[in-house]
file input31.tsv (TSV, C-alpha atoms and all ligand atoms)
chain	number	residue	atom	x	y	z
A	1	MET	CA	20.81	-107.09	71.13
A	2	SER	CA	17.06	-107.34	71.58
A	3	ILE	CA	15.40	-108.00	74.92
A	4	GLU	CA	11.80	-108.59	75.82
A	5	THR	CA	10.11	-108.69	79.16
A	6	GLN	CA	6.79	-110.23	80.06
A	7	THR	CA	5.46	-106.93	81.28
A	8	GLU	CA	6.29	-104.91	78.16
A	9	PRO	CA	6.55	-107.23	75.19
A	10	GLU	CA	7.21	-105.47	71.91
A	11	ARG	CA	6.40	-101.99	73.17
A	12	THR	CA	7.08	-99.42	70.46
A	13	VAL	CA	9.12	-96.63	72.00
A	14	LEU	CA	9.53	-94.45	68.92
A	15	GLU	CA	7.35	-94.12	65.84
A	16	VAL	CA	8.28	-91.69	63.08
A	17	GLN	CA	6.01	-91.07	60.09
A	18	ASP	CA	6.67	-88.97	57.00
A	19	LEU	CA	9.20	-86.84	58.85
A	20	ALA	CA	10.55	-83.97	56.74
A	21	LYS	CA	13.23	-81.35	57.29
A	22	THR	CA	14.16	-78.77	54.68
A	23	PHE	CA	17.10	-76.39	55.04
A	24	HIS	CA	17.17	-73.12	53.14
A	25	VAL	CA	20.71	-72.63	51.91
A	26	ALA	CA	22.18	-69.47	50.41
A	27	SER	CA	22.59	-69.66	46.66
A	28	GLY	CA	24.60	-66.83	45.05
A	29	SER	CA	22.74	-63.61	44.56
A	30	SER	CA	19.52	-65.40	43.75
A	31	GLY	CA	18.52	-65.94	47.35
A	32	THR	CA	18.06	-69.38	48.87
A	33	ARG	CA	17.45	-72.89	47.65
A	34	GLU	CA	15.68	-75.73	49.39
A	35	LEU	CA	17.65	-78.70	50.59
A	36	LYS	CA	15.41	-81.58	51.64
A	37	ALA	CA	17.63	-83.28	54.20
A	38	LEU	CA	14.75	-85.50	55.37
A	39	ASP	CA	12.06	-86.30	52.85
A	40	GLY	CA	9.35	-88.50	54.33
A	41	ILE	CA	11.12	-90.66	56.89
A	42	ASN	CA	9.27	-93.65	58.39
A	43	LEU	CA	10.74	-95.77	61.14
A	44	SER	CA	9.98	-97.31	64.49
A	45	VAL	CA	12.01	-98.59	67.41
A	46	LYS	CA	10.83	-101.09	70.01
A	47	ARG	CA	11.82	-101.33	73.62
A	48	GLY	CA	15.20	-102.98	74.10
A	49	GLU	CA	15.85	-103.02	70.36
A	50	THR	CA	18.81	-101.72	68.36
A	51	LEU	CA	17.96	-100.13	65.02
A	52	GLY	CA	20.94	-99.56	62.73
A	53	LEU	CA	20.90	-96.47	60.51
A	54	VAL	CA	23.21	-96.67	57.50
A	55	GLY	CA	23.82	-94.69	54.33
A	56	GLU	CA	26.42	-92.60	52.58
A	57	SER	CA	27.73	-89.36	53.97
A	58	GLY	CA	25.20	-86.56	53.54
A	59	CYS	CA	22.12	-88.82	53.29
A	60	GLY	CA	20.61	-87.24	56.41
A	61	LYS	CA	21.53	-89.51	59.33
A	62	SER	CA	22.72	-86.69	61.60
A	63	THR	CA	19.77	-84.47	60.68
A	64	LEU	CA	17.45	-87.30	61.64
A	65	ALA	CA	19.30	-87.80	64.94
A	66	ARG	CA	19.23	-84.06	65.66
A	67	THR	CA	15.51	-83.88	64.87
A	68	LEU	CA	14.76	-86.81	67.17
A	69	MET	CA	16.73	-84.98	69.88
A	70	MET	CA	14.55	-81.92	69.14
A	71	LEU	CA	17.60	-79.91	68.16
A	72	GLU	CA	15.98	-79.34	64.76
A	73	GLN	CA	12.34	-78.45	64.16
A	74	PRO	CA	10.80	-80.70	61.48
A	75	ASP	CA	8.63	-79.14	58.81
A	76	GLY	CA	6.41	-82.15	58.24
A	77	GLY	CA	5.41	-85.54	59.57
A	78	THR	CA	5.05	-86.87	63.07
A	79	VAL	CA	7.25	-88.16	65.86
A	80	ARG	CA	5.60	-90.23	68.59
A	81	PHE	CA	7.53	-91.20	71.63
A	82	ASP	CA	5.51	-93.65	73.70
A	83	GLY	CA	2.53	-92.25	71.83
A	84	GLN	CA	3.39	-88.64	72.74
A	85	ASP	CA	4.42	-85.91	70.30
A	86	PRO	CA	7.49	-84.30	71.91
A	87	PHE	CA	7.20	-81.23	69.67
A	88	ALA	CA	3.81	-80.46	71.23
A	89	LEU	CA	5.20	-80.50	74.77
A	90	ARG	CA	6.06	-77.37	76.75
A	91	GLY	CA	7.54	-76.51	80.14
A	92	LYS	CA	7.70	-79.29	82.71
A	93	SER	CA	6.48	-82.04	80.41
A	94	LEU	CA	9.05	-81.10	77.78
A	95	ARG	CA	11.82	-81.19	80.39
A	96	ALA	CA	10.61	-84.59	81.59
A	97	TRP	CA	10.59	-85.86	78.01
A	98	ARG	CA	14.12	-84.64	77.29
A	99	ARG	CA	15.63	-87.01	79.79
A	100	ARG	CA	14.17	-89.99	77.94
A	101	VAL	CA	16.18	-89.56	74.73
A	102	GLN	CA	19.94	-89.11	74.95
A	103	MET	CA	22.85	-89.17	72.57
A	104	VAL	CA	26.40	-90.52	72.53
A	105	PHE	CA	28.72	-88.78	70.09
A	106	GLN	CA	31.42	-90.11	67.82
A	107	ASP	CA	34.47	-88.38	69.17
A	108	PRO	CA	35.07	-89.00	72.87
A	109	PHE	CA	37.98	-86.53	72.74
A	110	ALA	CA	35.97	-83.58	71.45
A	111	SER	CA	32.63	-84.30	73.10
A	112	LEU	CA	33.73	-84.08	76.76
A	113	ASN	CA	34.47	-80.74	78.43
A	114	ALA	CA	38.17	-80.80	79.34
A	115	ARG	CA	37.63	-78.35	82.22
A	116	MET	CA	35.27	-80.63	84.09
A	117	THR	CA	35.94	-83.84	86.00
A	118	ALA	CA	34.39	-87.12	84.88
A	119	GLY	CA	32.01	-86.93	87.84
A	120	GLN	CA	30.89	-83.41	86.91
A	121	ILE	CA	30.36	-84.44	83.28
A	122	ILE	CA	28.28	-87.45	84.22
A	123	THR	CA	26.13	-85.62	86.78
A	124	GLU	CA	25.75	-82.32	84.88
A	125	PRO	CA	22.29	-83.35	83.51
A	126	PHE	CA	21.02	-83.62	87.12
A	127	ALA	CA	21.05	-79.80	87.31
A	128	THR	CA	18.09	-79.54	84.92
A	129	HIS	CA	16.28	-82.50	86.49
A	130	LYS	CA	16.67	-81.67	90.17
A	131	ASP	CA	13.65	-83.70	91.19
A	132	LEU	CA	15.31	-86.99	90.15
A	133	TYR	CA	18.23	-86.79	92.58
A	134	PRO	CA	17.33	-83.95	94.96
A	135	THR	CA	20.02	-84.41	97.61
A	136	ALA	CA	23.81	-84.42	97.42
A	137	ALA	CA	23.82	-87.94	98.87
A	138	ALA	CA	21.40	-89.20	96.18
A	139	ARG	CA	23.52	-87.62	93.44
A	140	LYS	CA	26.69	-89.15	94.87
A	141	GLN	CA	25.07	-92.57	95.07
A	142	ARG	CA	23.79	-92.32	91.48
A	143	LEU	CA	27.24	-91.29	90.25
A	144	LYS	CA	28.76	-94.32	91.95
A	145	GLU	CA	26.16	-96.59	90.29
A	146	LEU	CA	26.78	-95.07	86.88
A	147	LEU	CA	30.56	-95.43	87.11
A	148	GLU	CA	30.10	-99.07	88.09
A	149	LEU	CA	27.60	-99.65	85.28
A	150	VAL	CA	30.10	-98.54	82.63
A	151	GLY	CA	33.08	-100.33	84.19
A	152	LEU	CA	34.87	-97.32	85.74
A	153	ARG	CA	36.03	-96.96	89.35
A	154	ALA	CA	34.58	-94.63	91.95
A	155	THR	CA	37.95	-92.84	92.15
A	156	ASP	CA	37.71	-92.01	88.42
A	157	ALA	CA	35.05	-89.40	89.27
A	158	ASP	CA	37.68	-86.82	90.22
A	159	LYS	CA	39.86	-87.19	87.12
A	160	SER	CA	39.65	-84.96	84.08
A	161	PRO	CA	38.90	-86.38	80.60
A	162	GLN	CA	42.56	-86.01	79.53
A	163	GLU	CA	43.55	-88.64	82.08
A	164	PHE	CA	41.49	-91.33	80.33
A	165	SER	CA	42.03	-93.44	77.22
A	166	GLY	CA	39.63	-93.13	74.25
A	167	GLY	CA	37.61	-96.16	75.35
A	168	GLN	CA	37.33	-94.88	78.91
A	169	ARG	CA	36.23	-91.48	77.65
A	170	GLN	CA	33.50	-93.12	75.63
A	171	ARG	CA	32.44	-94.93	78.83
A	172	ILE	CA	32.11	-91.50	80.47
A	173	GLY	CA	29.96	-90.35	77.53
A	174	ILE	CA	27.78	-93.46	77.91
A	175	ALA	CA	27.45	-92.94	81.70
A	176	ARG	CA	26.34	-89.36	81.07
A	177	ALA	CA	23.79	-90.52	78.49
A	178	LEU	CA	22.48	-93.07	81.02
A	179	SER	CA	22.46	-90.67	83.96
A	180	LEU	CA	18.77	-89.70	83.68
A	181	GLY	CA	17.52	-93.21	82.87
A	182	PRO	CA	16.66	-92.75	79.18
A	183	ASP	CA	14.47	-95.08	77.11
A	184	LEU	CA	16.32	-94.39	73.87
A	185	ILE	CA	19.96	-93.55	73.17
A	186	ILE	CA	21.09	-92.38	69.76
A	187	LEU	CA	24.61	-93.65	69.24
A	188	ASP	CA	26.28	-91.62	66.49
A	189	GLU	CA	29.31	-93.62	65.29
A	190	PRO	CA	30.07	-94.48	68.94
A	191	VAL	CA	33.15	-96.62	68.28
A	192	SER	CA	34.56	-95.39	65.00
A	193	ALA	CA	37.19	-93.18	66.69
A	194	LEU	CA	38.45	-96.10	68.79
A	195	ASP	CA	41.05	-98.84	68.21
A	196	LEU	CA	39.60	-102.18	67.10
A	197	SER	CA	40.19	-104.00	70.41
A	198	VAL	CA	38.64	-101.11	72.34
A	199	GLN	CA	35.70	-101.02	69.91
A	200	ALA	CA	34.78	-104.59	70.89
A	201	GLN	CA	34.88	-103.70	74.60
A	202	VAL	CA	32.61	-100.67	74.15
A	203	LEU	CA	30.18	-102.64	71.95
A	204	ASN	CA	30.03	-105.40	74.58
A	205	LEU	CA	29.37	-102.80	77.23
A	206	LEU	CA	26.50	-101.32	75.18
A	207	ASN	CA	25.07	-104.81	74.74
A	208	ASP	CA	25.31	-105.59	78.47
A	209	LEU	CA	23.67	-102.28	79.37
A	210	GLN	CA	20.81	-102.99	76.98
A	211	GLN	CA	20.23	-106.43	78.46
A	212	GLN	CA	20.32	-104.99	81.95
A	213	LEU	CA	18.30	-101.81	81.45
A	214	GLY	CA	16.07	-102.53	78.45
A	215	VAL	CA	17.17	-99.30	76.77
A	216	SER	CA	16.66	-98.95	72.98
A	217	TYR	CA	19.40	-97.78	70.63
A	218	ILE	CA	19.53	-96.11	67.25
A	219	PHE	CA	22.99	-97.04	66.05
A	220	ILE	CA	24.37	-94.78	63.31
A	221	SER	CA	27.45	-96.15	61.59
A	222	HIS	CA	29.36	-96.39	58.33
A	223	ASP	CA	30.91	-99.65	59.50
A	224	LEU	CA	28.63	-102.35	58.15
A	225	SER	CA	30.37	-105.21	59.93
A	226	VAL	CA	29.73	-103.49	63.27
A	227	VAL	CA	26.11	-102.78	62.26
A	228	ARG	CA	25.63	-106.40	61.33
A	229	HIS	CA	27.05	-107.51	64.65
A	230	VAL	CA	25.11	-105.24	67.00
A	231	THR	CA	21.73	-104.41	65.45
A	232	ASP	CA	18.37	-106.18	65.39
A	233	ARG	CA	16.99	-104.23	62.44
A	234	VAL	CA	18.51	-101.90	59.89
A	235	ALA	CA	17.15	-98.82	58.10
A	236	VAL	CA	18.99	-97.81	54.92
A	237	MET	CA	18.99	-94.12	53.98
A	238	TYR	CA	19.62	-92.54	50.59
A	239	LEU	CA	19.29	-88.81	49.90
A	240	GLY	CA	16.93	-88.01	52.74
A	241	ARG	CA	14.75	-91.11	52.44
A	242	ILE	CA	14.72	-94.52	54.06
A	243	ILE	CA	14.72	-96.86	51.12
A	244	GLU	CA	14.68	-100.14	52.99
A	245	THR	CA	14.01	-101.43	56.49
A	246	GLY	CA	14.28	-105.00	57.63
A	247	SER	CA	15.71	-107.40	60.13
A	248	THR	CA	19.50	-107.23	60.06
A	249	GLU	CA	19.69	-110.69	58.55
A	250	GLN	CA	17.19	-109.92	55.78
A	251	VAL	CA	18.78	-106.63	54.87
A	252	PHE	CA	22.28	-108.10	54.73
A	253	GLU	CA	21.41	-111.44	53.15
A	254	SER	CA	18.50	-110.64	50.83
A	255	PRO	CA	18.22	-106.90	50.25
A	256	LEU	CA	15.18	-105.72	48.31
A	257	HIS	CA	16.55	-102.43	47.06
A	258	PRO	CA	19.41	-102.22	44.55
A	259	TYR	CA	21.13	-99.54	46.66
A	260	THR	CA	21.03	-101.81	49.70
A	261	ALA	CA	22.35	-104.65	47.56
A	262	SER	CA	25.32	-102.53	46.50
A	263	LEU	CA	26.06	-101.49	50.08
A	264	MET	CA	25.82	-105.04	51.36
A	265	SER	CA	27.92	-106.49	48.57
A	266	ALA	CA	30.79	-104.50	50.02
A	267	SER	CA	30.23	-105.68	53.59
A	268	PRO	CA	32.48	-108.39	54.98
A	269	LYS	CA	30.79	-111.75	55.53
A	270	LEU	CA	32.12	-114.46	57.78
A	271	ASP	CA	30.80	-117.29	55.62
A	272	PRO	CA	32.40	-117.20	52.13
A	273	ALA	CA	29.40	-119.13	50.76
A	274	LEU	CA	27.21	-116.13	51.57
A	275	ARG	CA	29.52	-113.63	49.89
A	276	PRO	CA	28.19	-112.27	46.58
A	277	LYS	CA	30.35	-113.39	43.68
A	278	ASN	CA	30.97	-109.84	42.58
A	279	ARG	CA	31.03	-106.62	44.42
A	280	ILE	CA	28.56	-104.07	43.06
A	281	VAL	CA	30.37	-100.85	42.36
A	282	LEU	CA	28.00	-97.94	41.93
A	283	GLN	CA	28.58	-95.71	38.94
A	284	GLY	CA	28.42	-91.94	39.32
A	285	GLU	CA	28.52	-89.55	42.21
A	286	LEU	CA	25.91	-89.15	44.90
A	287	PRO	CA	23.61	-86.44	43.46
A	288	SER	CA	23.43	-83.11	45.27
A	289	PRO	CA	20.48	-82.97	47.69
A	290	LEU	CA	19.97	-79.42	46.33
A	291	ASP	CA	19.14	-80.91	42.96
A	292	PRO	CA	17.96	-84.49	43.49
A	293	PRO	CA	16.90	-86.64	40.53
A	294	SER	CA	13.20	-86.69	39.65
A	295	GLY	CA	11.24	-89.82	40.47
A	296	CYS	CA	13.40	-92.31	42.29
A	297	ARG	CA	16.37	-90.56	43.83
A	298	PHE	CA	18.62	-93.56	43.26
A	299	ARG	CA	17.88	-93.99	39.54
A	300	THR	CA	20.95	-92.10	38.29
A	301	ARG	CA	23.19	-94.76	39.82
A	302	CYS	CA	20.90	-97.77	39.50
A	303	TRP	CA	21.68	-100.55	37.04
A	304	LYS	CA	18.01	-101.57	37.05
A	305	ALA	CA	16.63	-98.12	36.23
A	306	GLN	CA	13.82	-97.98	33.66
A	307	PRO	CA	12.05	-94.94	32.13
A	308	ILE	CA	9.32	-95.15	34.80
A	309	CYS	CA	11.93	-94.49	37.52
A	310	SER	CA	12.48	-90.92	36.29
A	311	VAL	CA	8.83	-89.99	36.57
A	312	GLU	CA	7.50	-91.96	39.47
A	313	ARG	CA	8.75	-92.51	42.95
A	314	PRO	CA	8.21	-96.21	43.56
A	315	ASP	CA	5.58	-97.57	45.88
A	316	SER	CA	6.78	-99.11	49.05
A	317	ARG	CA	6.80	-102.84	49.18
A	318	VAL	CA	5.78	-104.85	52.17
A	319	ARG	CA	7.60	-108.04	52.90
A	320	ALA	CA	5.47	-110.29	55.10
A	321	ALA	CA	6.76	-112.83	57.59
A	322	ASP	CA	6.35	-115.62	55.03
A	323	GLY	CA	8.64	-113.74	52.62
A	324	THR	CA	5.93	-112.66	50.16
A	325	ILE	CA	6.29	-109.15	48.81
A	326	SER	CA	3.29	-107.00	48.02
A	327	LEU	CA	2.75	-103.46	46.84
A	328	GLY	CA	1.31	-100.81	49.12
A	329	MET	CA	2.08	-98.55	51.97
A	330	PRO	CA	1.31	-99.96	55.39
A	331	SER	CA	-0.98	-97.33	56.82
A	332	VAL	CA	-0.17	-97.46	60.49
A	333	SER	CA	2.43	-99.09	62.66
A	334	ARG	CA	5.02	-101.20	60.94
A	335	SER	CA	5.01	-104.48	62.76
A	336	GLU	CA	8.17	-106.50	63.08
A	337	GLU	CA	7.43	-108.68	60.07
A	338	GLN	CA	6.65	-105.84	57.67
A	339	GLN	CA	9.74	-104.79	55.82
A	340	ILE	CA	9.66	-101.85	53.47
A	341	ALA	CA	11.72	-101.34	50.38
A	342	GLU	CA	11.06	-98.65	47.83
A	343	CYS	CA	11.83	-99.91	44.38
A	344	HIS	CA	10.01	-100.84	41.18
A	345	PHE	CA	12.55	-103.58	40.60
A	346	PRO	CA	13.66	-105.11	43.87
A	347	VAL	CA	16.59	-107.46	43.78
A	348	GLN	CA	15.55	-110.92	44.87
A	349	SER	CA	18.69	-112.00	46.63
A	350	ALA	CA	22.22	-110.94	47.35
A	351	ALA	CA	23.39	-113.63	44.94
A	352	GLU	CA	21.35	-112.15	42.12
A	353	ALA	CA	22.56	-108.70	43.05
A	354	GLY	CA	26.12	-109.95	42.95
A	355	LEU	CA	25.65	-111.01	39.38
A	356	ALA	CA	24.01	-107.78	38.33
A	357	VAL	CA	27.06	-105.55	38.15
A	358	SER	CA	30.58	-106.64	38.73
A	359	ALA	CA	33.71	-104.79	39.72
A	401	LIG	N1	22.22	-76.72	59.23
A	401	LIG	C1	22.25	-77.08	57.95
A	401	LIG	N2	22.06	-76.15	56.98
A	401	LIG	C2	22.05	-76.49	55.67
A	401	LIG	N3	22.24	-77.75	55.24
A	401	LIG	C3	22.43	-78.72	56.14
A	401	LIG	C4	22.46	-78.43	57.55
A	401	LIG	N4	22.68	-79.59	58.22
A	401	LIG	C5	22.80	-80.55	57.27
A	401	LIG	N5	22.66	-80.04	56.03
A	401	LIG	C6	22.68	-80.77	54.76
A	401	LIG	O1	21.71	-81.81	54.87
A	401	LIG	C7	22.18	-82.98	54.22
A	401	LIG	C8	22.21	-84.12	55.22
A	401	LIG	O2	23.26	-83.86	56.15
A	401	LIG	P1	23.58	-84.82	57.39
A	401	LIG	O3	24.69	-84.21	58.15
A	401	LIG	O4	22.32	-85.09	58.12
A	401	LIG	O5	24.08	-86.14	56.67
A	401	LIG	P2	24.80	-87.44	57.30
A	401	LIG	O6	24.20	-88.63	56.62
A	401	LIG	O7	24.71	-87.38	58.78
A	401	LIG	O8	26.31	-87.24	56.85
A	401	LIG	P3	27.65	-87.79	57.61
A	401	LIG	O9	27.58	-89.29	57.55
A	401	LIG	O10	28.74	-87.20	56.79
A	401	LIG	O11	27.59	-87.25	59.00
A	401	LIG	C9	23.57	-82.65	53.66
A	401	LIG	O12	23.42	-82.28	52.31
A	401	LIG	C10	24.00	-81.46	54.50
A	401	LIG	O13	24.88	-80.63	53.76
call {"tool": "encode", "arguments": {"input": "input31.tsv", "output": "structure tokens"}}
result
Amino acid sequence: MSIETQTEPERTVLEVQDLAKTFHVASGSSGTRELKALDGINLSVKRGETLGLVGESGCGKSTLARTLMMLEQPDGGTVRFDGQDPFALRGKSLRAWRRRVQMVFQDPFASLNARMTAGQIITEPFATHKDLYPTAAARKQRLKELLELVGLRATDADKSPQEFSGGQRQRIGIARALSLGPDLIILDEPVSALDLSVQAQVLNLLNDLQQQLGVSYIFISHDLSVVRHVTDRVAVMYLGRIIETGSTEQVFESPLHPYTASLMSASPKLDPALRPKNRIVLQGELPSPLDPPSGCRFRTRCWKAQPICSVERPDSRVRAADGTISLGMPSVSRSEEQQIAECHFPVQSAAEAGLAVSA
């Protein structure tokens, strides 16, 4: 889905470094325990790019999304949005920043207020950004544009959400997210509540909007075939950490981390020649984030685990454009060709991974 323009080639919109979020959860009579929902997250998103965010339930995807929306206060690390730290902003500048990051939610039935019309839902954000569309005529014109952009009719503005199908409701959610002209939209399972045929229409719409507007997406999904289809790069999360980042093709075809290899071995591939011979079935349950394993958090389920994995968290590995892998943490911005995977024993290819453990 990536686009580039001559005026803003490769502009990094979002840069996250070492982001941490700990919840304090009640634990019997003994008080509270720490739950590290985000434990040193690094990622970046370029203009017009779609970054996929995948990982098992409970790995921290929603907490990351909520923190990027400033709905959660991080307790470590930095977030830079166009070089600016949104958590340091106050008053007017904070309000101006808020319009630049928006979210589309999974369930188009639950996320829209049934007592409002589609037009009211889409234009509601104007109330807190009065300067953008100061007159009734400007607001009306913008609403018309937004309805057109998402493939709805001007007459749809007066209908209530119940009068629309699931796909149309998601279009309303997308129009609302677009209403203030954001640079980044976090799409949290945007099509998983929809029928397959409708999913394709909404994904095409998102693609068209990106081409037209240059907006960036963070696309959170459990559906790996959709992720493969719509993303430019993928970040894989496990127990509060991103354990691998790479171009979508690299991550799907030659994962560096055993966890990624297991996830990808289960993903459908169009070309049977690319399919791993055996699906990797992970042994054991996902550990509780209240009591994560020492060292590498994946070691309790990893078929490559060695004694060192229980004492040491692996160094990150950098995969250069020519495919060479070296040890070390890239200190500043992660350029397109640097791919990070945290593992002492990276798998070399999906084929090798397929042979490692069989179902
Ligand atoms: N407000 C909270 N208070 C305490 N713990 C929380 C809170 N929000 C999330 N958690 C915990 O943080 C961890 C990460 O949760 P999160 O919802 O971010 O995961 P997820 O990957 O989005 O899961 P899913 O795919 O099921 O939505 C989980 O262990 C969850 O129980």
call {"tool": "residues_near_ligand", "arguments": {"input": "input31.tsv", "ligand": "ligand LIG 401 (chain A)", "cutoff": "12 Å", "atoms": "all atoms listed in the file", "output": "VMD selection string"}}
result
chain A and resid 20 to 27 32 to 39 53 to 68 71 to 73 105 to 106 188 to 189 192 220 to 223 236 to 242 286 to 292
call {"tool": "atom_distance", "arguments": {"input": "input31.tsv", "atom1": "CA of Ala96 (chain A)", "atom2": "CA of Gln212 (chain A)"}}
result
22.6 Å
call {"tool": "closest_residue", "arguments": {"input": "input31.tsv", "among": "A:Arg171, A:Arg90, A:Arg98, A:Lys159", "to": "Gly119 (chain A)", "atoms": "all atoms listed in the file"}}
result
A:Lys159
call {"tool": "atom_distance", "arguments": {"input": "input31.tsv", "atom1": "CA of Asp75 (chain A)", "atom2": "CA of Leu184 (chain A)"}}
result
22.8 Å
call {"tool": "residues_near_point", "arguments": {"input": "input31.tsv", "point": "(30.3, -106.5, 58.6)", "cutoff": "6 Å", "atoms": "all atoms listed in the file", "output": "ChimeraX atom specification"}}
result
/A:224-226,228,267-268
call {"tool": "residues_around", "arguments": {"input": "input31.tsv", "residues": "Trp97 (chain A)", "least_positions_apart": "5", "cutoff": "10 Å", "atoms": "all atoms listed in the file", "output": "PyMOL selection string"}}
result
chain A and resi 81+84-86+89-90+92+182
call {"tool": "atom_distance", "arguments": {"input": "input31.tsv", "atom1": "CA of Ala157 (chain A)", "atom2": "CA of Ala114 (chain A)"}}
result
13.5 Å
call {"tool": "residues_around", "arguments": {"input": "input31.tsv", "residues": "Leu263 (chain A)", "least_positions_apart": "3", "cutoff": "9 Å", "atoms": "all atoms listed in the file", "output": "list in words"}}
result
Gly55, Leu224, Phe252, Pro258, Tyr259, Thr260, Ala266, Ser267, Ile280 and Val281 of chain A
call {"tool": "closest_residue", "arguments": {"input": "input31.tsv", "among": "A:Pro314, A:Gly181, A:Gly48, A:Gly77", "to": "Phe126 (chain A)", "atoms": "all atoms listed in the file"}}
result
A:Gly181
call {"tool": "residues_around", "arguments": {"input": "input31.tsv", "residues": "Ser216 (chain A)", "least_positions_apart": "2", "cutoff": "10 Å", "atoms": "only C-alpha atoms", "output": "list in words"}}
result
Met1, Ser2, Ile3, Thr12, Val13, Leu14, Val45, Lys46, Arg47, Gly48, Glu49, Thr50, Leu51, Val101, Pro182, Asp183, Leu184, Ile185, Ile186, Gln210, Gln211, Leu213, Gly214, Ile218 and Phe219 of chain A
call {"tool": "closest_residue", "arguments": {"input": "input31.tsv", "among": "A:Val191, A:Met70, A:Ala177, A:Ile121", "to": "Ser160 (chain A)", "atoms": "all atoms listed in the file"}}
result
A:Ile121
